[in-house]
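A.B. asks: This is data_31.txt, which holds compact mmCIF, C-alpha atoms and all ligand atoms:
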# COMPACT_ATOMS: atom_id res chain seq x y z
CA MET A 1 0.00 0.00 0.00
CA ASN A 2 1.33 3.41 -0.93
CA ASN A 3 0.21 5.78 1.76
CA ARG A 4 2.66 8.58 0.97
CA LEU A 5 1.19 11.94 0.28
CA PRO A 6 1.75 13.37 -3.16
CA PRO A 7 4.01 16.41 -3.30
CA ALA A 8 2.04 19.57 -2.71
CA GLY A 9 2.84 20.95 -6.14
CA ASN A 10 1.04 18.01 -7.73
CA ILE A 11 -2.16 18.49 -5.84
CA PRO A 12 -4.72 19.70 -8.34
CA SER A 13 -7.30 20.75 -5.78
CA LEU A 14 -7.04 20.83 -2.03
CA PRO A 15 -10.22 19.95 -0.24
CA PRO A 16 -11.74 21.85 2.65
CA ARG A 17 -10.80 21.65 6.31
CA ARG A 18 -10.54 17.87 6.45
CA ALA A 19 -8.17 17.24 3.60
CA PHE A 20 -6.65 14.05 4.90
CA ILE A 21 -7.66 10.67 6.05
CA ARG A 22 -5.51 8.80 8.50
CA LEU A 23 -4.80 5.29 7.45
CA VAL A 24 -4.97 2.39 9.79
CA GLY A 25 -1.36 2.12 10.94
CA GLY A 26 -0.73 5.85 11.11
CA GLY A 27 -0.36 7.01 7.51
CA ALA A 28 -2.34 9.78 5.97
CA VAL A 29 -3.57 10.42 2.49
CA LEU A 30 -4.90 13.42 0.73
CA ALA A 31 -8.56 12.65 0.72
CA ALA A 32 -10.23 14.72 -1.93
CA GLY A 33 -9.82 16.54 -5.15
CA LEU A 34 -7.50 14.00 -6.70
CA GLY A 35 -9.70 12.11 -9.04
CA SER A 36 -12.49 12.19 -11.46
CA THR A 37 -15.71 10.32 -11.03
CA GLY A 38 -17.56 11.10 -14.17
CA CYS A 39 -17.65 14.81 -14.98
CA ALA A 40 -15.29 17.74 -15.37
CA SER A 41 -15.48 18.69 -11.69
CA GLY A 42 -14.58 15.16 -10.59
CA LEU A 43 -17.99 14.89 -8.94
CA PRO A 44 -21.09 13.02 -10.09
CA GLU A 45 -23.03 15.04 -12.61
CA ALA A 46 -26.26 15.03 -10.61
CA ALA A 47 -24.52 16.58 -7.59
CA VAL A 48 -23.34 19.65 -9.49
CA GLN A 49 -26.30 20.03 -11.84
CA PRO A 50 -27.83 22.93 -9.84
CA TRP A 51 -24.97 25.13 -11.06
CA ARG A 52 -26.26 24.71 -14.62
CA THR A 53 -30.01 24.76 -14.13
CA ALA A 54 -30.68 27.85 -11.99
CA THR A 55 -31.63 30.02 -14.95
CA ALA A 56 -34.21 27.48 -16.15
CA GLU A 57 -36.65 28.27 -13.33
CA SER A 58 -39.45 30.50 -14.60
CA GLU A 59 -41.40 31.27 -11.39
CA LEU A 60 -39.78 34.21 -9.55
CA ARG A 61 -39.35 32.65 -6.11
CA ARG A 62 -37.97 29.42 -7.53
CA PHE A 63 -35.61 31.44 -9.75
CA MET A 64 -34.37 33.31 -6.68
CA LEU A 65 -33.92 30.15 -4.63
CA ALA A 66 -32.22 28.21 -7.42
CA HIS A 67 -29.52 30.91 -7.37
CA ALA A 68 -29.50 31.33 -3.60
CA LEU A 69 -28.65 27.68 -2.98
CA LEU A 70 -25.35 28.23 -4.81
CA ALA A 71 -24.20 30.35 -1.87
CA PRO A 72 -20.92 29.65 -0.08
CA ASN A 73 -21.58 28.09 3.31
CA PRO A 74 -19.55 26.37 6.02
CA HIS A 75 -18.72 22.73 5.33
CA ASN A 76 -21.25 22.90 2.52
CA ARG A 77 -24.00 22.04 5.01
CA GLN A 78 -26.60 24.08 3.07
CA PRO A 79 -28.63 24.80 6.22
CA TRP A 80 -31.59 26.26 4.34
CA ILE A 81 -35.33 25.70 4.35
CA ALA A 82 -37.44 28.01 2.20
CA ASP A 83 -41.04 28.30 3.34
CA LEU A 84 -43.21 29.32 0.38
CA ARG A 85 -46.61 28.95 2.00
CA GLU A 86 -47.34 32.66 1.96
CA PRO A 87 -47.73 33.93 -1.62
CA GLY A 88 -45.24 36.57 -2.75
CA ARG A 89 -42.88 35.86 0.15
CA ILE A 90 -40.06 33.56 1.11
CA GLN A 91 -39.37 32.72 4.72
CA LEU A 92 -35.84 31.46 5.18
CA VAL A 93 -35.63 28.99 8.07
CA CYS A 94 -32.32 27.73 9.46
CA ASP A 95 -32.34 23.92 9.20
CA GLY A 96 -31.57 22.61 12.69
CA GLU A 97 -30.41 19.28 11.23
CA ARG A 98 -27.59 21.00 9.36
CA LEU A 99 -25.63 22.84 12.03
CA LEU A 100 -22.00 22.44 13.11
CA PRO A 101 -22.26 22.47 16.90
CA GLU A 102 -18.58 21.68 17.53
CA THR A 103 -16.75 24.01 15.13
CA ASP A 104 -19.52 26.60 15.11
CA PRO A 105 -21.06 26.31 18.58
CA PHE A 106 -23.27 29.42 18.32
CA GLY A 107 -24.18 29.07 14.64
CA ARG A 108 -22.34 32.25 13.65
CA GLN A 109 -20.87 30.71 10.52
CA ILE A 110 -24.16 29.00 9.70
CA LEU A 111 -25.86 32.43 9.79
CA ILE A 112 -23.14 33.83 7.53
CA GLY A 113 -24.09 31.09 5.04
CA CYS A 114 -27.74 32.14 5.42
CA GLY A 115 -26.75 35.74 4.68
CA ALA A 116 -24.98 34.67 1.50
CA PHE A 117 -28.12 32.75 0.51
CA ILE A 118 -30.26 35.88 1.04
CA GLU A 119 -27.93 38.10 -0.97
CA LEU A 120 -27.93 35.76 -3.96
CA ALA A 121 -31.75 35.59 -3.79
CA VAL A 122 -31.88 39.40 -3.83
CA ILE A 123 -29.46 39.64 -6.77
CA ALA A 124 -31.46 37.02 -8.71
CA ALA A 125 -34.74 38.87 -8.06
CA ALA A 126 -33.15 42.07 -9.38
CA GLU A 127 -32.19 40.18 -12.53
CA ARG A 128 -35.93 39.77 -13.11
CA GLY A 129 -36.55 43.41 -12.15
CA HIS A 130 -37.91 42.83 -8.63
CA ALA A 131 -36.69 44.61 -5.51
CA VAL A 132 -36.78 42.56 -2.29
CA THR A 133 -37.47 43.79 1.23
CA VAL A 134 -35.44 41.68 3.65
CA THR A 135 -36.75 41.52 7.22
CA LEU A 136 -34.25 39.75 9.46
CA PHE A 137 -35.41 37.56 12.35
CA PRO A 138 -39.12 38.44 12.09
CA GLN A 139 -39.86 36.25 15.11
CA GLY A 140 -36.82 37.44 17.08
CA ALA A 141 -33.14 36.56 16.91
CA PRO A 142 -31.71 33.53 18.70
CA ALA A 143 -29.78 34.19 21.92
CA ALA A 144 -26.11 35.00 21.39
CA ARG A 145 -24.83 31.67 22.71
CA SER A 146 -27.48 29.28 21.44
CA LEU A 147 -27.75 27.50 18.12
CA PRO A 148 -30.15 28.98 15.54
CA ALA A 149 -31.97 25.67 14.98
CA GLY A 150 -35.31 26.27 13.30
CA THR A 151 -34.92 30.06 13.52
CA VAL A 152 -36.74 32.10 10.89
CA VAL A 153 -33.70 34.01 9.64
CA ALA A 154 -35.51 36.32 7.24
CA THR A 155 -38.67 37.12 5.39
CA LEU A 156 -38.11 38.16 1.79
CA THR A 157 -40.93 40.19 0.29
CA MET A 158 -40.81 40.87 -3.41
CA GLY A 159 -41.71 44.22 -4.93
CA PRO A 160 -43.43 44.63 -8.29
CA ALA A 161 -41.72 44.08 -11.65
CA GLY A 162 -39.61 47.08 -12.55
CA SER A 163 -38.82 47.94 -8.92
CA ALA A 164 -35.09 47.06 -9.10
CA PRO A 165 -32.29 47.52 -11.62
CA ARG A 166 -30.15 44.54 -12.57
CA ASP A 167 -27.11 43.85 -10.41
CA PRO A 168 -23.91 43.42 -12.46
CA LEU A 169 -22.76 40.72 -10.02
CA TYR A 170 -25.54 38.38 -11.21
CA ALA A 171 -23.33 37.04 -14.00
CA ALA A 172 -20.74 35.82 -11.48
CA ILE A 173 -23.14 33.73 -9.35
CA ALA A 174 -22.78 30.45 -11.27
CA ARG A 175 -19.06 31.03 -11.86
CA ARG A 176 -18.15 31.61 -8.19
CA HIS A 177 -16.33 28.69 -6.58
CA THR A 178 -14.14 28.50 -3.50
CA ALA A 179 -10.64 27.68 -4.78
CA LYS A 180 -8.86 25.45 -2.25
CA THR A 181 -5.66 24.97 -4.26
CA ALA A 182 -2.26 26.63 -3.95
CA TYR A 183 -2.23 30.21 -5.20
CA ALA A 184 0.47 32.17 -7.02
CA GLU A 185 2.78 33.85 -4.51
CA GLY A 186 2.84 37.60 -4.14
CA ARG A 187 0.96 38.49 -7.31
CA PRO A 188 -0.63 41.90 -6.72
CA LEU A 189 -4.40 42.22 -6.55
CA PRO A 190 -6.17 44.70 -8.81
CA ALA A 191 -6.25 48.02 -6.90
CA ALA A 192 -9.91 48.57 -7.75
CA LEU A 193 -10.87 45.23 -6.21
CA ALA A 194 -9.59 46.09 -2.74
CA SER A 195 -11.72 49.23 -2.66
CA ALA A 196 -14.74 47.34 -4.08
CA TRP A 197 -14.37 44.81 -1.22
CA VAL A 198 -14.41 47.62 1.34
CA GLU A 199 -17.48 49.11 -0.33
CA ALA A 200 -19.28 45.71 -0.34
CA ALA A 201 -18.69 45.50 3.41
CA ARG A 202 -19.78 49.10 4.01
CA ARG A 203 -23.01 48.49 2.08
CA HIS A 204 -23.95 46.01 4.81
CA GLY A 205 -22.58 48.02 7.74
CA LEU A 206 -19.29 46.13 8.10
CA GLN A 207 -15.60 46.85 7.77
CA ALA A 208 -13.16 45.05 5.49
CA GLY A 209 -9.51 45.22 4.61
CA THR A 210 -6.72 43.34 2.91
CA VAL A 211 -3.38 42.23 4.32
CA THR A 212 -0.66 41.86 1.72
CA ALA A 213 2.55 43.16 3.33
CA ALA A 214 5.06 40.40 4.09
CA GLU A 215 5.27 40.64 7.88
CA PRO A 216 1.58 40.87 8.82
CA LEU A 217 0.83 38.26 6.17
CA ALA A 218 3.33 35.86 7.72
CA ALA A 219 1.88 36.53 11.17
CA LEU A 220 -1.65 35.73 10.01
CA ARG A 221 -0.45 32.56 8.31
CA ARG A 222 1.16 31.42 11.56
CA ILE A 223 -2.09 31.98 13.44
CA ALA A 224 -4.12 30.17 10.77
CA ARG A 225 -1.74 27.19 10.87
CA GLU A 226 -1.87 26.92 14.64
CA ALA A 227 -5.66 27.14 14.55
CA TYR A 228 -5.90 24.40 11.95
CA GLU A 229 -3.73 22.12 14.07
CA ILE A 230 -5.93 22.76 17.11
CA GLU A 231 -9.04 21.91 15.12
CA ALA A 232 -7.36 18.74 13.81
CA ILE A 233 -6.27 17.36 17.18
CA THR A 234 -9.45 18.23 19.04
CA PRO A 235 -11.54 15.06 18.89
CA ALA A 236 -14.96 16.73 18.81
CA THR A 237 -14.09 19.10 15.96
CA TRP A 238 -12.14 16.52 13.94
CA LEU A 239 -14.95 13.99 14.26
CA GLU A 240 -17.61 16.51 13.31
CA SER A 241 -15.82 16.93 9.99
CA ALA A 242 -15.07 13.22 9.63
CA ARG A 243 -18.78 12.46 9.84
CA LEU A 244 -19.40 14.85 6.94
CA MET A 245 -16.99 13.13 4.57
CA ARG A 246 -18.76 11.90 1.46
CA ILE A 247 -16.51 9.27 -0.04
CA GLY A 248 -17.05 8.19 -3.62
CA PRO A 249 -19.69 9.05 -6.20
CA ASP A 250 -22.52 7.18 -4.53
CA ALA A 251 -22.16 8.99 -1.20
CA ILE A 252 -21.60 12.32 -2.93
CA ALA A 253 -24.65 11.83 -5.14
CA GLN A 254 -26.71 10.65 -2.17
CA HIS A 255 -25.87 13.56 0.18
CA ARG A 256 -24.81 16.36 -2.18
CA ASP A 257 -23.33 18.26 0.78
CA GLY A 258 -20.40 18.09 3.21
CA ILE A 259 -16.85 17.23 2.22
CA SER A 260 -16.66 15.49 -1.15
CA MET A 261 -13.93 12.90 -1.68
CA SER A 262 -13.83 11.45 -5.12
CA SER A 263 -10.33 10.16 -5.83
CA PRO A 264 -10.08 6.52 -6.98
CA MET A 265 -7.37 5.89 -4.37
CA ILE A 266 -9.53 7.02 -1.49
CA ARG A 267 -12.47 5.04 -2.76
CA MET A 268 -10.34 1.93 -2.97
CA LEU A 269 -8.86 2.37 0.51
CA HIS A 270 -12.29 3.07 1.92
CA ALA A 271 -13.87 0.09 0.18
CA THR A 272 -11.15 -2.22 1.48
CA GLY A 273 -11.32 -0.82 5.00
CA LEU A 274 -7.74 0.45 4.95
CA PHE A 275 -8.38 3.85 6.43
CA ASP A 276 -10.36 5.16 9.33
CA PRO A 277 -11.48 8.78 9.13
CA MET A 278 -12.73 8.50 12.71
CA GLN A 279 -9.18 8.31 14.12
CA VAL A 280 -8.21 11.70 15.52
CA PRO A 281 -4.66 12.98 14.77
CA GLN A 282 -2.47 13.49 17.82
CA ARG A 283 0.51 15.73 18.51
CA GLY A 284 3.81 13.91 18.26
CA GLN A 285 2.51 11.48 15.66
CA SER A 286 3.83 11.55 12.11
CA SER A 287 0.32 11.46 10.71
CA LEU A 288 -0.40 14.89 12.20
CA GLN A 289 2.85 16.17 10.73
CA ARG A 290 1.78 14.94 7.32
CA VAL A 291 -1.61 16.59 7.71
CA MET A 292 0.10 19.84 8.64
CA ASP A 293 2.53 19.57 5.71
CA HIS A 294 -0.45 19.79 3.47
CA TRP A 295 -1.60 23.01 5.06
CA THR A 296 1.40 24.53 3.28
CA PRO A 297 -0.38 25.30 -0.03
CA TYR A 298 -2.82 27.33 2.03
CA GLU A 299 0.12 29.56 2.93
CA THR A 300 0.29 30.92 -0.60
CA GLY A 301 -1.49 33.75 -2.32
CA SER A 302 -1.55 37.49 -2.63
CA GLY A 303 -2.85 38.09 0.87
CA PHE A 304 -5.87 37.90 3.14
CA LEU A 305 -9.20 39.64 3.00
CA TRP A 306 -10.91 40.19 6.34
CA LEU A 307 -14.44 41.23 7.17
CA ALA A 308 -15.42 42.52 10.61
CA SER A 309 -18.45 43.89 12.42
CA THR A 310 -18.68 46.32 15.32
CA GLY A 311 -20.29 44.02 17.86
CA ASN A 312 -21.51 40.54 17.00
CA ALA A 313 -25.29 40.81 16.78
CA ARG A 314 -27.13 38.04 14.96
CA ALA A 315 -28.20 40.47 12.23
CA GLN A 316 -24.56 41.44 11.74
CA GLN A 317 -23.63 37.80 11.22
CA VAL A 318 -26.25 37.52 8.48
CA ASP A 319 -25.06 40.82 7.01
CA ALA A 320 -21.52 39.46 7.03
CA GLY A 321 -22.72 36.66 4.75
CA ARG A 322 -24.39 39.15 2.44
CA ALA A 323 -21.19 41.20 2.27
CA TYR A 324 -18.92 38.17 1.96
CA VAL A 325 -20.71 36.69 -1.03
CA ARG A 326 -20.66 40.07 -2.76
CA GLN A 327 -16.93 40.23 -2.12
CA HIS A 328 -16.51 36.76 -3.58
CA LEU A 329 -18.61 37.66 -6.64
CA LEU A 330 -16.50 40.79 -7.13
CA ALA A 331 -13.39 38.62 -6.98
CA THR A 332 -14.82 36.12 -9.46
CA ALA A 333 -15.68 38.93 -11.86
CA ALA A 334 -12.11 40.23 -11.55
CA GLY A 335 -10.52 36.79 -12.06
CA VAL A 336 -9.37 36.57 -8.43
CA ASP A 337 -9.82 33.49 -6.22
CA MET A 338 -10.91 33.30 -2.59
CA HIS A 339 -10.72 30.69 0.13
CA PRO A 340 -11.93 31.24 3.70
CA VAL A 341 -9.68 29.92 6.47
CA SER A 342 -12.03 30.09 9.42
CA GLN A 343 -10.43 27.99 12.12
CA ALA A 344 -8.98 30.90 14.13
CA LEU A 345 -12.36 32.64 14.14
CA GLN A 346 -14.15 29.73 15.75
CA GLU A 347 -15.59 30.05 19.24
CA PHE A 348 -14.98 26.63 20.79
CA ASP A 349 -12.99 26.75 24.02
CA VAL A 350 -9.56 25.50 22.99
CA MET A 351 -9.47 27.96 20.08
CA ARG A 352 -9.28 30.92 22.49
CA GLY A 353 -5.59 31.64 21.79
CA PRO A 354 -5.76 31.91 17.97
CA TYR A 355 -9.10 33.74 18.27
CA ALA A 356 -7.51 36.45 20.38
CA ALA A 357 -4.38 36.50 18.21
CA VAL A 358 -6.22 36.98 14.92
CA HIS A 359 -8.29 39.82 16.37
CA ARG A 360 -5.13 41.44 17.75
CA ALA A 361 -3.33 41.03 14.42
CA LEU A 362 -6.16 42.75 12.57
CA GLY A 363 -6.54 45.51 15.17
CA VAL A 364 -10.04 44.41 16.22
CA ASP A 365 -10.73 44.45 19.97
CA PRO A 366 -12.85 41.34 20.60
CA ALA A 367 -14.71 43.23 23.32
CA GLN A 368 -15.86 45.73 20.69
CA GLY A 369 -15.89 43.92 17.38
CA THR A 370 -15.74 40.54 15.65
CA VAL A 371 -13.76 39.31 12.70
CA GLN A 372 -16.49 37.47 10.80
CA MET A 373 -14.50 36.17 7.83
CA LEU A 374 -10.85 35.68 6.97
CA ALA A 375 -10.08 34.47 3.45
CA ARG A 376 -6.90 34.06 1.55
CA VAL A 377 -7.08 35.73 -1.82
CA GLY A 378 -5.09 35.56 -5.02
CA TYR A 379 -4.71 33.52 -8.17
CA SER A 380 -5.28 29.79 -7.94
CA VAL A 381 -2.84 27.55 -9.82
CA ALA A 382 -5.76 25.45 -11.09
CA PRO A 383 -9.32 26.48 -11.80
CA ALA A 384 -11.84 25.55 -9.11
CA GLY A 385 -14.90 23.51 -10.03
CA PRO A 386 -18.37 23.50 -8.56
CA SER A 387 -19.13 21.81 -5.25
CA PRO A 388 -22.26 19.68 -4.75
CA ARG A 389 -25.64 21.19 -4.05
CA ARG A 390 -28.85 19.53 -2.97
CA GLU A 391 -31.88 19.80 -5.21
CA LEU A 392 -34.07 22.85 -4.67
CA ALA A 393 -37.11 20.66 -4.00
CA THR A 394 -35.47 19.21 -0.87
CA MET A 395 -35.31 22.69 0.71
CA LEU A 396 -38.86 23.79 0.06
CA ARG A 397 -41.77 23.94 2.49
CA THR A 398 -44.91 24.38 0.39
C1 LIG B 401 -18.78 31.12 7.03
C2 LIG B 401 -17.94 30.28 6.10
C3 LIG B 401 -16.78 29.68 6.57
C4 LIG B 401 -16.00 28.90 5.72
N1 LIG B 401 -14.82 28.38 6.20
C5 LIG B 401 -14.05 27.60 5.41
C6 LIG B 401 -12.83 27.06 5.88
O1 LIG B 401 -12.42 27.28 7.00
N2 LIG B 401 -12.10 26.26 5.04
C7 LIG B 401 -12.52 26.01 3.78
O2 LIG B 401 -11.85 25.26 3.06
N3 LIG B 401 -13.66 26.55 3.28
C8 LIG B 401 -14.44 27.33 4.07
N4 LIG B 401 -15.58 27.89 3.58
C9 LIG B 401 -15.96 27.65 2.18
C10 LIG B 401 -16.93 26.49 2.05
O3 LIG B 401 -16.24 25.27 2.27
C11 LIG B 401 -17.59 26.51 0.67
O4 LIG B 401 -18.32 27.70 0.53
C12 LIG B 401 -18.52 25.33 0.48
O5 LIG B 401 -17.82 24.12 0.49
C13 LIG B 401 -19.26 25.44 -0.84
O6 LIG B 401 -18.34 25.54 -1.89
P1 LIG B 401 -18.38 26.76 -2.92
O7 LIG B 401 -18.12 28.01 -2.13
O8 LIG B 401 -17.28 26.47 -3.90
O9 LIG B 401 -19.73 26.80 -3.55
C14 LIG B 401 -16.39 28.70 4.39
C15 LIG B 401 -17.55 29.33 3.90
C16 LIG B 401 -18.32 30.11 4.75
C17 LIG B 401 -19.55 30.79 4.22
How does this structure look as structure tokens?
C.D. replies:
Amino acid sequence: MNNRLPPAGNIPSLPPRRAFIRLVGGGAVLAAGLGSTGCASGLPEAAVQPWRTATAESELRRFMLAHALLAPNPHNRQPWIADLREPGRIQLVCDGERLLPETDPFGRQILIGCGAFIELAVIAAAERGHAVTVTLFPQGAPAARSLPAGTVVATLTMGPAGSAPRDPLYAAIARRHTAKTAYAEGRPLPAALASAWVEAARRHGLQAGTVTAAEPLAALRRIAREAYEIEAITPATWLESARLMRIGPDAIAQHRDGISMSSPMIRMLHATGLFDPMQVPQRGQSSLQRVMDHWTPYETGSGFLWLASTGNARAQQVDAGRAYVRQHLLATAAGVDMHPVSQALQEFDVMRGPYAAVHRALGVDPAQGTVQMLARVGYSVAPAGPSPRRELATMLRT
């Protein structure tokens, strides 16, 4: 059995947080993005079909939702239920079965994903000429330290035809993908993009900035690496991700969410029982070292983009998602790639050190403000493909 990791330069696409599977006996393998299982993205055709069919919906609310479900969201959980029982409105409900209680104990990241969903719905409605009134938490916001299971996140009320101009970012919705590969080192970002990112944040009441200078960039990379290691060796957080691994085309096609793993090698090892994703890496073991070696491509790129709110109200978390997806669409339109690295922003207990460090590094006092997103930005060495999405029908309450 060859359980050596391929050299980083040969990795066509690095997967999300849980890139590696520990083999029985202590080895580790890169677990995703290495193979093709039947279509250009390496994922089963059915799982990525929603990226191609959104425009085919004729009814306005379905058209909006078919675009909204393409939103970036943590661990691709897609925690969305759209209640259509009231004509002319959409109620977005947070799906309590699709939370991340270990890595996201208060549902902050989940609500960011909901915000991205709302923003894409609004942009899609504008494409058909309809303005949307967004009312956040119409039945009240969840408490700051509870999970938003079943919360009505927003009511979307559509205005008449002709009430909104088209949004130029619409064209980028189906082209936006999170690029988890190595990026070109040090290539400058377009100057206009940095100011457009700040403006996208301001539009939703947030602050944003980029970090590209060598020293602060290196400091942020150190914090991100330490945070990733903490998440990897903490059993609860590692196992939460391990349970979301979708290995092989059948599992990917069945779930159409989570962490897709499609390489033939992984499928073979899995089928023959030669690896155990449920084994947690430990400090001092070579398997953890190998996992950390493969964090290295994430330490490439032109810099980081950060997004912060004054305070950390639930509505601000949703607004962070609205701003973030606009920033990502702006990047896509400008040919720039983005990849959130969220570990240091997570609120579980043992992450306290990196959480404080990342806020300090960005000049945000955690007593006053919250860094909502941190993403590396730049130019991916390989184009990113679409990630799976569940069918619209599975999210509807009619
Ligand atoms: C709040 C939030 C946090 C995220 N954090 C991470 C992260 O830490 N690591 C990562 O690889 N991707 C992260 N992502 C990106 C998601 O993995 C990605 O959006 C999802 O898999 C869907 O893929 P897509 O964006 O290409 O459509 C995050 C996205 C959101 C909205």
A.B. asks: Which distance in Å separates CA of Gln372 (chain A) and CA of His255 (chain A), to one decimal?
C.D. replies: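 Answer for the CA of Gln372 (chain A) to CA of His255 (chain A) separation: 27.8 Å.
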A.B. asks: Taking only C-alpha atoms and all ligand atoms into account, produce a table as CSV in which each residue of chain A with an atom at most 7 Å from an atom of ligand LIG 401 (chain B) appears once, together with its shortest atom pair and the distance in Å to one decimal, ordered by chain and rising number.
C.D. replies:
residue,atom,partner,partner_atom,distance
A:Pro15,CA,B:LIG401,O2,6.5
A:Pro16,CA,B:LIG401,O2,3.4
A:Arg17,CA,B:LIG401,N2,5.0
A:Leu70,CA,B:LIG401,O9,5.9
A:Ala71,CA,B:LIG401,O9,6.0
A:Pro72,CA,B:LIG401,O4,3.3
A:Asn73,CA,B:LIG401,C17,3.5
A:Pro74,CA,B:LIG401,C16,4.1
A:His75,CA,B:LIG401,O3,4.7
A:Asn76,CA,B:LIG401,O5,4.2
A:Gln109,CA,B:LIG401,C1,4.1
A:Ile110,CA,B:LIG401,C1,6.4
A:Ile112,CA,B:LIG401,C1,5.2
A:Gly113,CA,B:LIG401,C17,4.6
A:Arg176,CA,B:LIG401,O8,6.8
A:His177,CA,B:LIG401,O8,3.6
A:Thr178,CA,B:LIG401,O8,3.8
A:Ala179,CA,B:LIG401,O8,6.8
A:Lys180,CA,B:LIG401,O2,6.1
A:Gly321,CA,B:LIG401,C17,6.7
A:His339,CA,B:LIG401,N3,6.0
A:Pro340,CA,B:LIG401,C5,4.5
A:Val341,CA,B:LIG401,O1,3.8
A:Ser342,CA,B:LIG401,O1,3.7
A:Gln343,CA,B:LIG401,O1,5.5
A:Met373,CA,B:LIG401,C1,6.7
A:Pro386,CA,B:LIG401,O8,5.6
A:Ser387,CA,B:LIG401,O6,5.1
A.B. asks: Go through region 98-210 of chain A and flag each residue having an atom no more than 12 Å from region 354-364 of chain A; for those, report the closest pair of atoms plus their distance in Å to one decimal, using all atoms listed in the file, ordered by chain and rising number, as a Markdown table.
C.D. replies:
| residue | atom | partner | partner_atom | distance |
| --- | --- | --- | --- | --- |
| A:Gln207 | CA | A:Val364 | CA | 10.4 |
| A:Ala208 | CA | A:Leu362 | CA | 10.2 |
| A:Gly209 | CA | A:Leu362 | CA | 9.0 |
| A:Thr210 | CA | A:Leu362 | CA | 9.7 |
A.B. asks: Can you write out the residues you just picked, keeping C-alpha atoms, as a short mmCIF file (atom, residue, chain, number, x, y, z; two decimals), in the coordinates of the input?
C.D. replies:
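out_36.cif, written as the output of this step:
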data_model
loop_
_atom_site.label_atom_id
_atom_site.label_comp_id
_atom_site.auth_asym_id
_atom_site.auth_seq_id
_atom_site.Cartn_x
_atom_site.Cartn_y
_atom_site.Cartn_z
CA GLN A 207 -15.60 46.85 7.77
CA ALA A 208 -13.16 45.05 5.49
CA GLY A 209 -9.51 45.22 4.61
CA THR A 210 -6.72 43.34 2.91
#
A.B. asks: Pick out the residues sitting within 10 Å of Ala164 (chain A), and hand them over as a list in words; count only C-alpha atoms, and ignore anything fewer than 3 positions along from it in its own chain.
C.D. replies: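 My reading of the contact set: Val122, Ile123, Ala125, Ala126, Glu127, Arg128, Gly129, His130, Ala131, Val132, Gly159, Pro160, Ala161 and Asp167 of chain A.
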A.B. asks: Hey, which of A:Phe106, A:Leu244, A:Thr135, A:Pro366 ends up closest to Arg89 (chain A)? Count all atoms listed in the file.
C.D. replies: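 Result for the nearest residue to Arg89 (chain A): A:Thr135.
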A.B. asks: Restricting the calculation to all atoms listed in the file, which member of A:Val325, A:Ala46, A:Leu84, A:Met351 is positioned closest to Thr155 (chain A)?
C.D. replies: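 Using all atoms listed in the file, the shortest distance to Thr155 (chain A) belongs to A:Leu84.
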